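J.: Structure file upload39.csv (CSV, C-alpha atoms) right here:
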```
chain,number,residue,atom,x,y,z
A,43,MET,CA,-136.2,-108.1,190.9
A,44,LYS,CA,-139.0,-107.9,193.4
A,45,LYS,CA,-141.2,-109.9,195.7
A,46,ILE,CA,-143.8,-111.9,193.7
A,47,PHE,CA,-145.8,-113.8,196.2
A,48,SER,CA,-145.8,-113.9,200.0
A,49,SER,CA,-145.0,-117.3,201.3
A,50,TRP,CA,-148.5,-118.5,202.1
A,51,VAL,CA,-149.7,-117.6,198.7
A,52,LEU,CA,-146.8,-119.6,197.3
A,53,ILE,CA,-147.7,-122.7,199.3
A,54,VAL,CA,-151.3,-122.6,198.1
A,55,ALA,CA,-150.3,-121.9,194.5
A,56,SER,CA,-147.8,-124.7,194.5
A,57,ALA,CA,-150.3,-127.2,195.9
A,58,LEU,CA,-152.8,-126.3,193.2
A,59,LEU,CA,-150.2,-126.4,190.4
A,60,VAL,CA,-148.8,-129.7,191.5
A,61,ALA,CA,-152.2,-131.1,191.7
A,62,GLY,CA,-152.8,-130.1,188.1
A,63,CYS,CA,-149.7,-131.6,186.6
A,64,GLY,CA,-148.7,-135.1,185.5
A,65,GLY,CA,-146.6,-137.5,187.5
A,66,THR,CA,-145.9,-138.3,191.1
A,67,ARG,CA,-142.8,-139.2,193.1
A,68,PRO,CA,-140.0,-140.7,191.0
A,69,PHE,CA,-138.4,-144.2,191.3
A,70,VAL,CA,-141.3,-145.7,193.3
A,71,LYS,CA,-142.7,-147.9,190.5
A,72,SER,CA,-141.0,-149.8,187.7
A,73,VAL,CA,-139.2,-148.3,184.7
A,74,ASP,CA,-142.1,-149.5,182.5
A,75,GLU,CA,-144.6,-147.7,184.6
A,76,GLU,CA,-142.7,-144.5,185.1
A,77,GLN,CA,-141.3,-144.4,181.6
A,78,SER,CA,-138.3,-142.0,181.0
A,79,LEU,CA,-135.9,-140.4,183.5
A,80,VAL,CA,-135.0,-136.8,182.6
A,81,PHE,CA,-132.4,-135.0,184.7
A,82,GLY,CA,-129.9,-132.2,184.8
A,83,TYR,CA,-128.3,-129.6,187.1
A,84,ILE,CA,-128.4,-125.9,187.7
A,85,ASP,CA,-125.6,-124.2,189.7
A,86,PHE,CA,-127.6,-121.5,191.4
A,87,SER,CA,-124.8,-120.2,193.6
A,88,ASP,CA,-125.0,-116.8,192.0
A,89,GLY,CA,-128.8,-116.7,192.1
A,90,PRO,CA,-131.0,-115.2,194.8
A,91,GLY,CA,-132.0,-117.7,197.5
A,92,THR,CA,-132.3,-121.4,197.0
A,93,LEU,CA,-133.5,-123.2,193.8
A,94,ASN,CA,-136.9,-124.6,194.7
A,95,SER,CA,-138.6,-125.4,191.4
A,96,VAL,CA,-137.9,-126.6,187.8
A,97,VAL,CA,-140.9,-126.8,185.6
A,98,MET,CA,-141.2,-128.6,182.2
A,99,LYS,CA,-144.0,-128.6,179.8
A,100,ARG,CA,-144.9,-131.3,177.3
A,101,ILE,CA,-145.7,-129.4,174.1
A,102,LYS,CA,-146.2,-132.5,171.9
A,103,PRO,CA,-148.5,-134.3,172.3
A,104,LEU,CA,-150.3,-131.6,174.3
A,105,SER,CA,-152.6,-132.7,177.1
A,106,ASP,CA,-154.8,-130.9,179.6
A,107,LYS,CA,-152.1,-131.4,182.2
A,108,PRO,CA,-148.9,-130.5,180.4
A,109,TYR,CA,-146.7,-129.3,183.3
A,110,TYR,CA,-144.2,-131.4,185.1
A,111,TYR,CA,-142.7,-130.2,188.4
A,112,LEU,CA,-139.3,-131.9,188.7
A,113,ALA,CA,-137.8,-133.1,191.9
A,114,LEU,CA,-134.8,-131.2,193.3
A,115,ASP,CA,-131.7,-132.1,195.2
A,116,ASP,CA,-129.0,-129.5,195.7
A,117,GLY,CA,-129.2,-128.1,192.1
A,118,MET,CA,-129.9,-131.5,190.5
A,119,PHE,CA,-133.4,-131.8,189.0
A,120,TYR,CA,-135.0,-135.0,187.9
A,121,GLY,CA,-138.3,-136.5,187.0
A,122,THR,CA,-139.8,-139.7,185.7
A,123,TRP,CA,-143.3,-140.3,184.5
A,124,MET,CA,-142.4,-138.6,181.2
A,125,SER,CA,-143.8,-140.3,178.2
A,126,PRO,CA,-142.4,-139.8,174.7
A,127,GLY,CA,-142.9,-136.4,173.3
A,128,SER,CA,-141.4,-132.9,172.9
A,129,TYR,CA,-140.6,-131.1,176.2
A,130,LYS,CA,-139.7,-127.6,177.1
A,131,LEU,CA,-138.0,-126.2,180.2
A,132,VAL,CA,-140.5,-123.3,180.9
A,133,SER,CA,-139.2,-121.9,184.2
A,134,PHE,CA,-137.3,-122.4,187.4
A,135,GLY,CA,-137.7,-120.7,190.7
A,136,SER,CA,-136.0,-119.9,193.9
A,137,PHE,CA,-136.9,-118.8,197.4
A,138,ARG,CA,-135.0,-116.4,199.6
A,139,SER,CA,-136.2,-116.5,203.2
A,140,PHE,CA,-134.5,-113.1,203.9
A,141,GLY,CA,-137.3,-110.8,202.6
A,142,ASN,CA,-139.6,-113.8,202.1
A,143,THR,CA,-139.3,-113.6,198.4
A,144,GLN,CA,-140.1,-116.1,195.6
A,145,TYR,CA,-138.4,-115.6,192.3
A,146,THR,CA,-139.5,-117.0,188.9
A,147,PHE,CA,-137.2,-117.3,186.0
A,148,ASN,CA,-139.0,-117.8,182.7
A,149,MET,CA,-137.3,-119.3,179.8
A,150,PRO,CA,-138.2,-118.1,176.3
A,151,SER,CA,-141.5,-119.6,175.3
A,152,GLN,CA,-140.7,-119.9,171.6
A,153,GLY,CA,-138.1,-122.0,169.9
A,154,ARG,CA,-136.2,-125.2,171.0
A,155,GLY,CA,-133.2,-124.6,173.2
A,156,GLU,CA,-130.6,-127.0,174.5
A,157,THR,CA,-132.7,-127.5,177.6
A,158,ASP,CA,-135.6,-128.8,175.7
A,159,PRO,CA,-135.5,-132.5,175.3
A,160,VAL,CA,-137.3,-134.6,172.7
A,161,ILE,CA,-138.1,-138.0,174.2
A,162,SER,CA,-138.3,-140.4,171.2
A,163,LYS,CA,-138.6,-143.5,173.3
A,164,ASN,CA,-138.5,-144.5,176.9
A,165,GLY,CA,-135.0,-144.1,178.4
A,166,ILE,CA,-132.6,-141.9,180.4
A,167,TYR,CA,-132.2,-138.3,179.2
A,168,TYR,CA,-129.5,-136.0,180.5
A,169,MET,CA,-130.4,-132.3,179.9
A,170,GLY,CA,-127.0,-131.0,180.8
A,171,SER,CA,-125.5,-129.0,183.6
A,172,TYR,CA,-125.9,-125.2,183.7
A,173,LYS,CA,-124.9,-122.2,185.7
A,174,TYR,CA,-127.3,-119.4,186.5
A,175,LYS,CA,-125.9,-116.0,185.7
A,176,LYS,CA,-127.5,-112.6,186.4
A,177,VAL,CA,-127.3,-110.2,183.5
A,178,LYS,CA,-126.8,-106.5,184.4
A,179,THR,CA,-129.6,-104.3,183.5
A,180,GLY,CA,-130.4,-100.6,184.0
A,181,PHE,CA,-132.0,-99.1,187.1
A,182,PHE,CA,-135.6,-99.3,185.9
A,183,GLU,CA,-135.1,-102.2,183.5
A,184,GLU,CA,-136.6,-105.6,184.0
A,185,GLY,CA,-134.4,-108.3,185.5
A,186,LYS,CA,-132.6,-110.6,183.1
A,187,PHE,CA,-130.6,-113.8,183.5
A,188,ASP,CA,-128.7,-116.3,181.5
A,189,ILE,CA,-127.9,-120.0,181.9
A,190,GLU,CA,-124.5,-121.2,180.7
A,191,ARG,CA,-123.5,-124.8,180.0
A,192,ILE,CA,-120.9,-126.1,182.4
A,193,ASN,CA,-118.9,-129.4,182.4
A,194,LYS,CA,-119.4,-130.3,186.1
A,195,PRO,CA,-121.2,-132.2,187.5
A,196,THR,CA,-121.1,-134.7,184.7
A,197,GLU,CA,-123.9,-137.0,183.6
A,198,LYS,CA,-122.2,-139.8,185.4
A,199,GLU,CA,-121.8,-137.9,188.6
A,200,LEU,CA,-125.5,-137.1,188.6
A,201,LEU,CA,-126.5,-140.6,187.8
A,202,VAL,CA,-124.4,-141.9,190.8
A,203,LYS,CA,-126.5,-139.6,193.0
A,204,LEU,CA,-129.7,-140.7,191.4
A,205,LEU,CA,-128.8,-144.4,191.8
A,206,LYS,CA,-129.0,-143.8,195.6
A,207,LYS,CA,-132.5,-142.5,195.3
A,208,ALA,CA,-133.8,-145.3,193.0
A,209,LYS,CA,-135.8,-147.6,195.2
A,210,HIS,CA,-137.3,-149.8,192.6
A,211,PRO,CA,-134.8,-152.5,191.3
A,212,THR,CA,-135.7,-151.9,187.6
A,213,TRP,CA,-134.6,-148.3,188.1
A,214,GLN,CA,-131.4,-149.3,189.9
A,215,ALA,CA,-130.6,-151.6,187.0
A,216,ALA,CA,-131.4,-149.0,184.3
A,217,ILE,CA,-129.3,-146.3,186.0
A,218,GLN,CA,-126.4,-148.7,186.6
A,219,LYS,CA,-126.5,-149.8,183.0
A,220,ARG,CA,-126.3,-146.2,181.9
A,221,ILE,CA,-123.4,-145.5,184.3
A,222,ASP,CA,-121.5,-148.5,182.9
A,223,ALA,CA,-122.1,-147.3,179.4
A,224,LEU,CA,-120.5,-144.0,180.3
A,225,LYS,CA,-117.3,-145.6,181.7
B,119,MET,CA,-128.8,-115.9,175.3
B,120,THR,CA,-130.6,-113.7,177.8
B,121,ARG,CA,-133.9,-114.6,179.5
B,122,ARG,CA,-136.3,-112.6,181.5
B,123,ALA,CA,-136.3,-113.1,185.2
B,124,GLY,CA,-138.7,-112.8,188.1
B,125,LYS,CA,-140.7,-109.7,187.8
B,126,SER,CA,-140.6,-109.7,184.1
B,127,ALA,CA,-143.5,-112.2,184.0
B,128,LEU,CA,-145.6,-109.7,185.8
B,129,LEU,CA,-144.4,-106.9,183.5
B,130,CYS,CA,-145.1,-109.1,180.5
B,131,ALA,CA,-148.6,-109.8,181.8
B,132,GLY,CA,-149.1,-106.2,182.5
B,133,SER,CA,-148.0,-105.0,179.1
B,134,LEU,CA,-150.0,-107.8,177.5
B,135,LEU,CA,-153.2,-106.7,179.3
B,136,ILE,CA,-152.5,-103.1,178.2
B,137,VAL,CA,-152.0,-104.3,174.6
B,138,LEU,CA,-155.1,-106.3,174.7
B,139,GLY,CA,-157.0,-103.7,176.7
B,140,LEU,CA,-156.2,-100.9,174.3
B,141,ASN,CA,-157.2,-103.0,171.4
B,142,ALA,CA,-160.4,-103.8,173.1
B,143,CYS,CA,-161.2,-100.1,173.6
B,144,GLN,CA,-160.3,-98.7,170.3
B,145,HIS,CA,-162.9,-98.7,167.5
B,146,VAL,CA,-161.6,-101.0,164.8
B,147,GLU,CA,-163.0,-100.7,161.4
B,148,THR,CA,-161.8,-103.9,159.7
B,149,SER,CA,-163.6,-103.6,156.4
B,150,PRO,CA,-164.6,-100.0,155.9
B,151,PRO,CA,-166.4,-99.0,152.7
B,152,SER,CA,-163.8,-97.4,150.6
B,153,ARG,CA,-165.9,-94.3,150.1
B,154,LEU,CA,-165.5,-93.6,153.9
B,155,LEU,CA,-161.7,-93.5,153.6
B,156,GLY,CA,-160.1,-90.4,154.8
B,157,ASP,CA,-157.3,-88.7,152.9
B,158,GLY,CA,-154.6,-90.3,154.9
B,159,ASP,CA,-156.1,-93.7,155.0
B,160,LEU,CA,-155.2,-96.9,153.2
B,161,ILE,CA,-157.0,-100.2,152.9
B,162,VAL,CA,-154.6,-103.1,153.1
B,163,ILE,CA,-155.6,-106.6,152.0
B,164,GLY,CA,-153.4,-109.6,152.8
B,165,ARG,CA,-153.3,-112.8,154.7
B,166,ILE,CA,-151.2,-114.6,157.3
B,167,ASP,CA,-151.0,-118.3,157.2
B,168,ILE,CA,-149.4,-120.4,160.0
B,169,VAL,CA,-148.6,-124.0,158.9
B,170,PRO,CA,-149.7,-126.1,160.8
B,171,PRO,CA,-152.4,-123.9,162.2
B,172,PHE,CA,-152.6,-123.6,166.0
B,173,THR,CA,-154.8,-126.2,167.6
B,174,GLU,CA,-157.2,-125.6,170.4
B,175,LYS,CA,-154.7,-126.9,173.0
B,176,GLU,CA,-151.8,-125.0,171.5
B,177,GLN,CA,-153.7,-121.7,172.1
B,178,ASN,CA,-154.5,-122.1,175.7
B,179,LEU,CA,-156.6,-119.0,176.0
B,180,LYS,CA,-158.9,-118.9,179.0
B,181,GLY,CA,-160.3,-115.7,180.5
B,182,ILE,CA,-162.6,-112.9,179.8
B,183,GLY,CA,-162.4,-111.7,176.2
B,184,SER,CA,-159.8,-114.3,175.2
B,185,GLY,CA,-162.1,-115.9,172.6
B,186,ARG,CA,-161.4,-113.2,170.1
B,187,LEU,CA,-157.7,-114.2,170.2
B,188,LYS,CA,-158.4,-117.7,169.0
B,189,ASN,CA,-156.9,-118.2,165.6
B,190,HIS,CA,-156.0,-114.5,165.5
B,191,GLY,CA,-152.7,-112.6,165.6
B,192,TYR,CA,-151.6,-109.1,166.1
B,193,LEU,CA,-150.3,-107.9,162.7
B,194,PHE,CA,-147.8,-105.1,163.2
B,195,LEU,CA,-148.1,-102.8,160.1
B,196,SER,CA,-147.2,-99.2,160.5
B,197,ASP,CA,-144.8,-96.4,159.7
B,198,ARG,CA,-142.0,-98.0,161.8
B,199,PHE,CA,-140.6,-101.3,162.9
B,200,VAL,CA,-141.7,-102.5,166.3
B,201,ASN,CA,-139.5,-104.9,168.3
B,202,LEU,CA,-141.9,-107.8,169.0
B,203,SER,CA,-139.7,-109.2,171.7
B,204,GLN,CA,-139.8,-105.9,173.6
B,205,LEU,CA,-143.3,-104.6,173.3
B,206,ARG,CA,-143.9,-101.3,175.1
B,207,VAL,CA,-147.1,-99.8,176.4
B,208,GLY,CA,-148.9,-98.3,173.5
B,209,SER,CA,-147.5,-100.7,170.9
B,210,SER,CA,-151.0,-101.8,170.1
B,211,LYS,CA,-151.5,-98.7,167.9
B,212,TYR,CA,-149.0,-100.2,165.4
B,213,SER,CA,-151.0,-103.4,165.2
B,214,GLU,CA,-154.3,-104.8,164.1
B,215,LEU,CA,-155.9,-108.1,165.2
B,216,VAL,CA,-156.5,-110.2,162.2
B,217,GLU,CA,-157.8,-113.7,161.7
B,218,LEU,CA,-155.2,-116.2,160.6
B,219,GLY,CA,-155.6,-118.3,157.5
B,220,LYS,CA,-158.1,-115.8,155.9
B,221,HIS,CA,-157.8,-112.7,153.9
B,222,PHE,CA,-158.0,-109.6,156.0
B,223,VAL,CA,-159.2,-106.2,154.9
B,224,ILE,CA,-157.9,-103.5,157.3
B,225,LYS,CA,-157.6,-99.8,157.4
B,226,ARG,CA,-154.2,-98.3,158.2
B,227,LYS,CA,-152.8,-94.8,158.0
B,228,ARG,CA,-151.1,-94.3,154.7
B,229,PHE,CA,-147.3,-93.9,154.8
B,230,GLU,CA,-144.8,-93.8,152.0
B,231,THR,CA,-143.2,-96.9,153.5
B,232,LEU,CA,-145.3,-99.4,155.3
B,233,HIS,CA,-143.3,-101.5,157.7
B,234,TYR,CA,-144.3,-105.0,158.5
B,235,SER,CA,-142.7,-106.0,161.8
B,236,GLY,CA,-144.4,-109.4,162.0
B,237,THR,CA,-147.3,-111.1,163.6
B,238,LEU,CA,-147.7,-111.9,167.3
B,239,VAL,CA,-150.0,-114.8,168.3
B,240,MET,CA,-151.0,-115.3,171.9
B,241,THR,CA,-150.6,-119.0,172.8
B,242,GLN,CA,-151.3,-118.8,176.5
B,243,LEU,CA,-152.7,-116.3,179.0
B,244,SER,CA,-152.2,-118.1,182.2
B,245,PRO,CA,-150.4,-119.2,184.4
B,246,SER,CA,-148.0,-116.9,182.5
B,247,PRO,CA,-148.6,-115.2,179.2
B,248,GLU,CA,-146.8,-116.8,176.2
B,249,GLN,CA,-146.8,-115.7,172.6
B,250,ALA,CA,-145.3,-116.8,169.4
B,251,SER,CA,-143.9,-114.2,167.1
B,252,PHE,CA,-143.6,-114.6,163.4
B,253,PRO,CA,-141.2,-112.0,162.1
B,254,GLY,CA,-141.6,-109.7,159.2
B,255,ASN,CA,-138.9,-107.1,158.8
B,256,VAL,CA,-140.1,-106.2,155.3
B,257,VAL,CA,-141.4,-102.9,153.9
B,258,TYR,CA,-144.0,-102.1,151.3
B,259,LYS,CA,-143.6,-99.0,149.1
B,260,ILE,CA,-146.9,-97.1,148.9
B,261,ARG,CA,-147.6,-94.5,146.2
B,262,PRO,CA,-149.3,-91.2,147.1
B,263,GLU,CA,-152.3,-92.2,144.9
B,264,ASP,CA,-152.8,-95.6,146.5
B,265,ARG,CA,-156.0,-96.1,148.4
B,266,THR,CA,-156.1,-99.9,148.5
B,267,VAL,CA,-153.2,-102.3,148.3
B,268,TYR,CA,-152.7,-106.0,148.3
B,269,ILE,CA,-149.6,-107.2,150.3
B,270,GLY,CA,-149.9,-110.9,149.6
B,271,THR,CA,-150.1,-114.0,151.8
B,272,LEU,CA,-147.2,-114.6,154.1
B,273,ARG,CA,-147.0,-118.2,155.0
B,274,TYR,CA,-145.0,-119.3,158.0
B,275,TYR,CA,-144.0,-122.9,158.5
B,276,ARG,CA,-143.4,-123.8,162.2
B,277,ASP,CA,-142.5,-126.9,164.3
B,278,GLU,CA,-144.0,-127.8,167.7
B,279,TYR,CA,-141.6,-125.4,169.5
B,280,ASN,CA,-142.8,-122.6,167.2
B,281,ASP,CA,-139.4,-122.4,165.5
B,282,ILE,CA,-140.0,-121.0,162.1
B,283,LYS,CA,-138.7,-123.3,159.4
B,284,LYS,CA,-139.7,-121.4,156.3
B,285,VAL,CA,-141.5,-118.3,155.2
B,286,GLU,CA,-143.1,-118.0,151.8
B,287,TYR,CA,-144.7,-115.1,150.0
B,288,VAL,CA,-147.7,-116.3,148.1
B,289,ASP,CA,-149.6,-114.3,145.5
B,290,GLU,CA,-153.3,-114.9,145.9
B,291,TYR,CA,-154.4,-111.7,144.2
B,292,ALA,CA,-157.5,-113.1,142.6
B,293,ASP,CA,-159.0,-114.4,145.8
B,294,ALA,CA,-158.0,-111.3,147.7
B,295,LEU,CA,-159.7,-109.1,145.1
B,296,LYS,CA,-162.9,-111.1,145.5
B,297,GLU,CA,-162.7,-110.7,149.3
B,298,PHE,CA,-162.0,-107.0,148.9
B,299,ARG,CA,-165.0,-106.5,146.6
B,300,LYS,CA,-167.2,-108.5,149.0
B,301,SER,CA,-166.2,-106.7,152.2
B,302,THR,CA,-166.2,-103.2,150.9
B,303,GLY,CA,-169.0,-103.5,148.4
B,304,ASP,CA,-166.9,-101.3,146.0
B,305,ALA,CA,-166.7,-102.7,142.5
B,306,LYS,CA,-164.6,-100.0,141.1
B,307,MET,CA,-161.8,-99.1,143.4
B,308,PRO,CA,-158.5,-100.5,142.0
B,309,LEU,CA,-156.5,-102.9,144.2
B,310,ARG,CA,-152.8,-102.5,143.5
B,311,LYS,CA,-150.4,-105.4,144.3
B,312,VAL,CA,-147.3,-104.3,146.3
B,313,LEU,CA,-144.4,-106.7,146.9
B,314,PRO,CA,-142.5,-107.0,150.1
B,315,GLU,CA,-139.0,-105.5,150.0
B,316,ARG,CA,-136.0,-105.7,152.4
B,317,PRO,CA,-135.6,-102.4,154.3
B,318,LYS,CA,-132.5,-100.3,153.3
```
Please rewrite the model in this file as structure tokens.
T.:
Amino acid sequence: MKKIFSSWVLIVASALLVAGCGGTRPFVKSVDEEQSLVFGYIDFSDGPGTLNSVVMKRIKPLSDKPYYYLALDDGMFYGTWMSPGSYKLVSFGSFRSFGNTQYTFNMPSQGRGETDPVISKNGIYYMGSYKYKKVKTGFFEEGKFDIERINKPTEKELLVKLLKKAKHPTWQAAIQKRIDALK
Amino acid sequence: MTRRAGKSALLCAGSLLIVLGLNACQHVETSPPSRLLGDGDLIVIGRIDIVPPFTEKEQNLKGIGSGRLKNHGYLFLSDRFVNLSQLRVGSSKYSELVELGKHFVIKRKRFETLHYSGTLVMTQLSPSPEQASFPGNVVYKIRPEDRTVYIGTLRYYRDEYNDIKKVEYVDEYADALKEFRKSTGDAKMPLRKVLPERPK
């Protein structure tokens, strides 16, 4: 793998991209306003640097601003403001300060994988927990990776973390209700 | 499942540009008068249907020269199978850009076995290039005396993730013959129908 952007380019690019995507900070407004919560986890301990982006695209219905940049907390990714539709995890990224390197990991653009949720109605959607794995390739071959489903952290463990972040009482109630249902 | 990491996006973009660039540079005779056919040439008539067709938003193509990719796909038809998920520099010589949902009339080199690898449709150029591939993996047996062949309509049914749900072969010979006569202006040249076969 190699350096893609220098850090200042990355900052500018991120600002432009975020400005062009739907949504804003999660859990600030009510459940009705922010619609669905989508969350999951990537164990990036074997990856280069620190996970710093998870990007989803709403592919149906398509809009002029289809990209959603999810919030991150120690491998857990989450986002609200996601209206009913078909979504695709398009990429995630990491940054390694040693070497000042930004990495981008593109998911296959065609086909529905297990990381691609279909939100049929407003609610709470768990995308699963995954572990990043580097796939060995030849000396001059392009870098490859895989993500593998793992059992930990569980949906409930992640919801407990999310509950602490939920400021709006309607979100607290919705998340607590889901935790109770998982008991 | 293995995905591409980091630099592959750039490699992909690079190879895409090369693919597109080469196609832009080469002289493409899409409907040559049959009298101008060389000894080793073959006119191929067929059609690729994508159901439902790509909408304006699904083909997010912005940039110089991207207009010609709208509602078009790279049809890989040559003497060999090409792996559409691992295109290499120079792969464009095995393909021809054709309009989707319409009969195409293209000139290819004549081989005893014509390999159809599939059709590649660019769905996005930026921020990262994305494409949808519609696989073929069929061959057409060409006779030495063939100058013009009809390979049928291949109709792909897809969902919003571009997962292919069904592929149909449809015989639209009568319409294809009309299109062939119109585009070549040749009222005599026979058009032989060849059926797709599984490779051995």
J.: Hey, can you check how far atom CA of Ser136 of chain A sits from atom CA of Lys175 of chain B?
T.: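 These two atoms are separated by 28.9 Å.
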J.: Taking only residues of chain A that have an atom at most 6 Å from an atom of chain B, what is each one's shortest atom pair and its distance in Å to one decimal, using all atoms listed in the file, in chain and number order, as CSV?
T.:
```
residue,atom,partner,partner_atom,distance
A:Met43,CA,B:Lys125,CA,5.7
A:Tyr145,CA,B:Gly124,CA,5.1
A:Thr146,CA,B:Gly124,CA,4.3
A:Phe147,CA,B:Ala123,CA,4.4
A:Asn148,CA,B:Ala123,CA,6.0
A:Met149,CA,B:Arg121,CA,5.8
A:Gln152,CA,B:Asn280,CA,5.6
A:Gly153,CA,B:Asp281,CA,4.6
A:Arg154,CA,B:Tyr279,CA,5.6
A:Glu184,CA,B:Ser126,CA,5.7
A:Gly185,CA,B:Ala123,CA,5.2
A:Lys186,CA,B:Arg122,CA,4.5
A:Phe187,CA,B:Arg121,CA,5.2
A:Asp188,CA,B:Thr120,CA,4.9
```
J.: Can you work out the spacing between atom CA of Gly236 of chain B and atom CA of Phe199 of chain B in Å, to one decimal?
T.: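 Value for the atom CA of Gly236 of chain B-atom CA of Phe199 of chain B distance: 9.0 Å.
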J.: Which is closest to Tyr129 of chain A among A:Ile192, A:Val160, A:Ala216, A:Val73, if we use all atoms listed in the file?
T.: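 Using all atoms listed in the file, Tyr129 of chain A sits closest to A:Val160.
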J.: To one decimal place in Å, what is the distance between atom CA of Phe181 of chain A and atom CA of Val132 of chain A?
T.: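 Atom-to-atom, atom CA of Phe181 of chain A to atom CA of Val132 of chain A, that is 26.4 Å.
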J.: Counting all atoms listed in the file, I want the residues whose atoms come within 9 Å of (-140.0, -154.0, 191.4) in the file frame, returned as a list in words.
T.: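 Protein, DNA and RNA residues close to (-140.0, -154.0, 191.4): Val70, Lys71, Ser72, Val73, Lys209, His210, Pro211, Thr212 and Trp213 of chain A.
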J.: At a cut-off of 9 Å, using all atoms listed in the file, what residues contact Met307 of chain B? Leave out same-chain residues fewer than 2 positions from it and give the result as a PDB file with C-alpha atoms, in the coordinates of the input.
T.:
```pdb
ATOM      1  CA  SER B 152    -163.800 -97.400 150.600  1.00  0.00           C
ATOM      2  CA  ARG B 265    -156.000 -96.100 148.400  1.00  0.00           C
ATOM      3  CA  THR B 266    -156.100 -99.900 148.500  1.00  0.00           C
ATOM      4  CA  ARG B 299    -165.000-106.500 146.600  1.00  0.00           C
ATOM      5  CA  ASP B 304    -166.900-101.300 146.000  1.00  0.00           C
ATOM      6  CA  ALA B 305    -166.700-102.700 142.500  1.00  0.00           C
ATOM      7  CA  LEU B 309    -156.500-102.900 144.200  1.00  0.00           C
TER       8      LEU B 309
END
```
J.: Of the candidates B:Glu217, B:Asp264, B:Asp197, B:Glu230, which shows the shortest atom-to-atom distance to Arg165 of chain B, using only C-alpha atoms?
T.: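 Closest residue, counting only C-alpha atoms: B:Glu217.
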J.: For Phe81 of chain A, please output as a PyMOL selection string all residues within 10 Å (counting all atoms listed in the file; exclusion window: fewer than 2 positions along the same chain).
T.: chain A and resi 78-79+83+112-114+118-122+166-171+197+200-201+204
J.: Kindly export the residues of the current selection with C-alpha atoms, as a PDB file, keeping the file's coordinate frame.
T.:
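Final output, saved to part-v2.pdb:
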```
ATOM      1  CA  SER A  78    -138.300-142.000 181.000  1.00  0.00           C
ATOM      2  CA  LEU A  79    -135.900-140.400 183.500  1.00  0.00           C
ATOM      3  CA  TYR A  83    -128.300-129.600 187.100  1.00  0.00           C
ATOM      4  CA  LEU A 112    -139.300-131.900 188.700  1.00  0.00           C
ATOM      5  CA  ALA A 113    -137.800-133.100 191.900  1.00  0.00           C
ATOM      6  CA  LEU A 114    -134.800-131.200 193.300  1.00  0.00           C
ATOM      7  CA  MET A 118    -129.900-131.500 190.500  1.00  0.00           C
ATOM      8  CA  PHE A 119    -133.400-131.800 189.000  1.00  0.00           C
ATOM      9  CA  TYR A 120    -135.000-135.000 187.900  1.00  0.00           C
ATOM     10  CA  GLY A 121    -138.300-136.500 187.000  1.00  0.00           C
ATOM     11  CA  THR A 122    -139.800-139.700 185.700  1.00  0.00           C
ATOM     12  CA  ILE A 166    -132.600-141.900 180.400  1.00  0.00           C
ATOM     13  CA  TYR A 167    -132.200-138.300 179.200  1.00  0.00           C
ATOM     14  CA  TYR A 168    -129.500-136.000 180.500  1.00  0.00           C
ATOM     15  CA  MET A 169    -130.400-132.300 179.900  1.00  0.00           C
ATOM     16  CA  GLY A 170    -127.000-131.000 180.800  1.00  0.00           C
ATOM     17  CA  SER A 171    -125.500-129.000 183.600  1.00  0.00           C
ATOM     18  CA  GLU A 197    -123.900-137.000 183.600  1.00  0.00           C
ATOM     19  CA  LEU A 200    -125.500-137.100 188.600  1.00  0.00           C
ATOM     20  CA  LEU A 201    -126.500-140.600 187.800  1.00  0.00           C
ATOM     21  CA  LEU A 204    -129.700-140.700 191.400  1.00  0.00           C
TER      22      LEU A 204
END
```
J.: Check the smallest atom-to-atom distance from each of A:Arg138, A:Lys176, A:Arg100, A:Lys194 to Met124 of chain A using only C-alpha atoms, then report the winner.
T.: A:Arg100
J.: For each of A:Lys173, A:Pro90, A:Trp123, A:Pro103, take the minimum atom-to-atom distance to Phe137 of chain A, counting only C-alpha atoms, then give the residue where this is smallest.
T.: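 Answer, going by the shortest atom-to-atom distance: A:Pro90.
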J.: Just the residues within 8 Å of Gly89 of chain A, please, counting all atoms listed in the file, with nothing from its chain fewer than 3 positions along; format it as a ChimeraX atom specification.
T.: /A:86,92,174-176
J.: Do you know which residues are at most 9 Å from Ser235 of chain B counting only C-alpha atoms, after dropping those on the same chain fewer than 5 positions away, and could you put them as a PyMOL selection string?
T.: chain B and resi 193-196+198-202+252-257
J.: Go through B:Phe229, B:Leu243, B:Ile224, B:Ile161 one by one, measure the shortest atom-to-atom distance of each to Ile182 of chain B using only C-alpha atoms, and give the residue with the smallest value.
T.: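 Answer, going by the shortest atom-to-atom distance: B:Leu243.
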